[in-house]
Amino acid sequence: MTASAKAKAIRWPGRSAERATRPGGVGSWPVVGGLIAIAIVFGSLNEQFLSAENLTNLALQLAATGTISLGIIMVLLLGEIDLSAGSVSGLCAAVLAIVHVRHGQSALLAVVIALGLGAAIGLVHGLMFTQLRMPSFVVTLAGLIGWQGLLLYVLGRGGTINLPFDGAIARLSDTWLPPWASWLVVVLIVGVAGTSSVLNRRLRRAAGLPLAPLNRMVLRIAGLAALLCAAVLVLSADRGVPLLLIIFGSLVVALDLVLRNTVFGQWIYAIGGNAEAARRAGIPVTRLRIVAFVLASTFAAFGGLLAASRLAAVNQSSGGSDTLLMAIAAAVIGGVSLFGGRGRPYAALLGILVIQSITNGMLLLNVDSSIRFMVTAIVLAAAVAIDSLSRRGTEQ
Amino acid sequence: MFAARGVSKRFGAVRALDAVDLDLNAGEVVALVGDNGAGKSTLIKVISGAVSADEGRLERDGVPVQINNPHQARSLGISTVYQDLALCENLNVIGNLFLGSERRRWSLLRKIEMERSARALLSSLDVRIQDIQVPVAMLSGGQRQSVAIARALVGEPWLVILDEPTAALGVEQTAQVLDLIRRLRDRGLAVLVISHNLADVRAVSDRTVVLRLGRNAGEFRTAETSPEAIVAAITGAAA
């Protein structure tokens, strides 16, 4: 392994073997560096920025758009786009509120109906894309406009539906893990990650496969543990770890595990890489494309639900304005390719962290949103430029 | 032993194949040559199930077989490597080798099992790729061709069809791929190679089958035949 890594490094400078090991594996170090830079800049300009309270708010703010971004990643991996995610999130949140508040149904039923509506919308998009052969851009552009219209229609004249503050849906974003529970989660995550690494190593050794250096594995687990401990320490200094963050984090991890370890995930990457090759290899391309659109809209619906929970209301601007663009930008900043086949769900977490930090920091500094948009644009452009420069010449 | 007997195929007014015969034997490399439009591609499409013939029959060990789609061809043990290779550039070597036939338990990938088989397969073919975990996009043309050929072997076929395997390669990489084709023969596989390059044909094939305007135009033991005779058969100068 070390010998081959060395030879590789000579042939393809600027790209280590480790970064290239996974399909869609991308160096996330520039983004992490960017985050550190953002923390230093805003932290020095405003002492509030790095306070436990503000970081907790940040964690709350990123869950909704981050979840929508996860859905965007599903279609981006196929080399397609979903422009309707914002509108779908707003519409599904509105339907949730109508079922729950106006019709007095239970919160659980309302959530199920909202997610079901999201899935149905995704199915419609997927069928229009695969059966009518419409470009995904056009299908979801129509969705962007149409579902927004439906949102305004179902909200009617009132335009705003408030969710009861003590209801289950609003409480979702006002629930905090007590310290013991937070630490238990950390122990569980690190324990599972460590155990699976050790087991994987044993299995590889038993199968006679080359092993990565042991210290890299130890370092990775230790880094994960340190990161989680830091997060819990900071968040516990305020109100505790928000349930919203746990939900979003679980979705990211679950989606990543599914994409990396199941046949479904492998096929999604294969279609994104070369759809014709995938089809010839007997992969059910059409079915998987429909599933990806269904997942995208379902994640959007869930993101809309989280946003509604945080606002404790649904109004005409739910899922509107910059929600969609920020969700796409987050995925791209995190390293997901618009051409398909490259990127991981962690991109949603990293990217939304960058965008939300900038937004949050700018608001603390009382900077006008005009500046905020321009800075976000520069970060987006820089992230893609760095990624593109670092791969120049590596692909023949 | 595989045989095509009297295979004909029309595309509208064009007679792409006109009563063509072809015999393929285990442990033998057959080169299929001919000018553009001679019917080479149509013939391999018939054998690999991409198109079905209008007339004629296909036989395996003297028993007639039906090949109506690529899936049937594969299940009969016929594997085809197309000129465009059909690799997913973003996936690593293992992912490409097992594309569409991933080893799995329920629907979980058996990654270790696949990596072990991939290494065994590549080393049995003497294909050297330093790191099989890198995306195929980072491999050289010869390595990609080797991966595509190795993938054709994953389903344990007895006939491998190669469409212009050396067309896009440099001198050294061509030599590597020709070596690989010889190793397929040494494994006891029947190999059918389409090529425009007569030097490659001479280097690797045991028998050369010439098509001209959709008809059989000659069959030679490659080692006993001069290049001029093959060229004459291709251009029709001998007739």
# chains A, B, ... in the order shown; residues from 1 in each chain; ligands from 1

$ closest_atom_pairs --of "chain B" --to "chain A" --cutoff "7 Å" --atoms "only C-alpha atoms" --output "Markdown table"
| residue | atom | partner | partner_atom | distance |
| --- | --- | --- | --- | --- |
| B:Ala86 | CA | A:Ala277 | CA | 4.5 |
| B:Leu87 | CA | A:Ala277 | CA | 6.1 |
| B:Cys88 | CA | A:Gly273 | CA | 5.0 |
| B:Glu89 | CA | A:Gly273 | CA | 6.0 |
| B:Asn90 | CA | A:Gly273 | CA | 5.4 |
| B:Leu91 | CA | A:Pro23 | CA | 5.0 |
| B:Asn92 | CA | A:Pro23 | CA | 6.4 |
| B:Leu99 | CA | A:Ala281 | CA | 6.3 |
| B:Gly100 | CA | A:Ala281 | CA | 5.0 |
| B:Ser107 | CA | A:Thr262 | CA | 5.6 |
| B:Leu108 | CA | A:Thr262 | CA | 4.4 |
| B:Leu109 | CA | A:Thr262 | CA | 5.2 |
| B:Ile112 | CA | A:Arg204 | CA | 6.4 |
| B:Arg116 | CA | A:Ala207 | CA | 6.8 |
| B:Gln130 | CA | A:Ser4 | CA | 5.5 |
| B:Asp131 | CA | A:Ser4 | CA | 6.6 |
| B:Gln133 | CA | A:Thr21 | CA | 5.0 |
| B:Val134 | CA | A:Thr21 | CA | 5.3 |
| B:Pro135 | CA | A:Pro23 | CA | 6.6 |
| B:Ala137 | CA | A:Glu395 | CA | 5.5 |
| B:Met138 | CA | A:Glu395 | CA | 5.3 |

$ residues_around --residues "Val63 of chain B" --least-positions-apart "4" --cutoff "12 Å" --atoms "only C-alpha atoms" --output "list in words"
Met1, Phe2, Ala3, Ala4, Arg5, Arg57, Leu58 and Glu59 of chain B

$ write_last_selection --atoms "N, CA and C atoms" --output "mmCIF file, in the first residue's frame"
data_model
loop_
_atom_site.group_PDB
_atom_site.id
_atom_site.type_symbol
_atom_site.label_atom_id
_atom_site.label_comp_id
_atom_site.auth_asym_id
_atom_site.auth_seq_id
_atom_site.Cartn_x
_atom_site.Cartn_y
_atom_site.Cartn_z
ATOM 1 N N MET B 1 -17.290 -25.085 -28.467
ATOM 2 C CA MET B 1 -17.449 -24.912 -29.911
ATOM 3 C C MET B 1 -18.748 -24.170 -30.195
ATOM 4 N N PHE B 2 -18.616 -23.045 -30.871
ATOM 5 C CA PHE B 2 -19.770 -22.213 -31.174
ATOM 6 C C PHE B 2 -19.789 -21.971 -32.681
ATOM 7 N N ALA B 3 -20.969 -21.984 -33.272
ATOM 8 C CA ALA B 3 -21.029 -21.785 -34.715
ATOM 9 C C ALA B 3 -22.202 -20.903 -35.094
ATOM 10 N N ALA B 4 -21.953 -20.027 -36.070
ATOM 11 C CA ALA B 4 -23.031 -19.277 -36.708
ATOM 12 C C ALA B 4 -23.161 -19.834 -38.121
ATOM 13 N N ARG B 5 -24.391 -20.160 -38.534
ATOM 14 C CA ARG B 5 -24.597 -20.794 -39.840
ATOM 15 C C ARG B 5 -25.575 -19.978 -40.672
ATOM 16 N N ARG B 57 -28.803 -19.655 -38.074
ATOM 17 C CA ARG B 57 -28.936 -20.144 -36.711
ATOM 18 C C ARG B 57 -27.600 -20.102 -35.998
ATOM 19 N N LEU B 58 -27.684 -20.116 -34.687
ATOM 20 C CA LEU B 58 -26.503 -20.149 -33.837
ATOM 21 C C LEU B 58 -26.498 -21.480 -33.107
ATOM 22 N N GLU B 59 -25.318 -22.088 -33.003
ATOM 23 C CA GLU B 59 -25.232 -23.392 -32.354
ATOM 24 C C GLU B 59 -24.155 -23.395 -31.298
#

$ select_by_dssp --residues "segment 122-208 of chain A" --states "alpha helix (DSSP H)" --output "PyMOL selection string"
chain A and resi 122-130+136-155+168-172+179-206

$ residues_around --residues "segment 200-212 of chain B" --least-positions-apart "3" --cutoff "7 Å" --atoms "only C-alpha atoms" --output "list in words"
Glu28, Val29, Val30, Ala31, Leu32, Val33, Gly34, Asp35, Ala38, Gly39, Lys40, Leu178, Arg182, Ser195, Asn197, Arg215, Asn216, Ala217, Gly218, Glu219, Phe220, Arg221, Thr222, Ala223, Ala233 and Ile234 of chain B
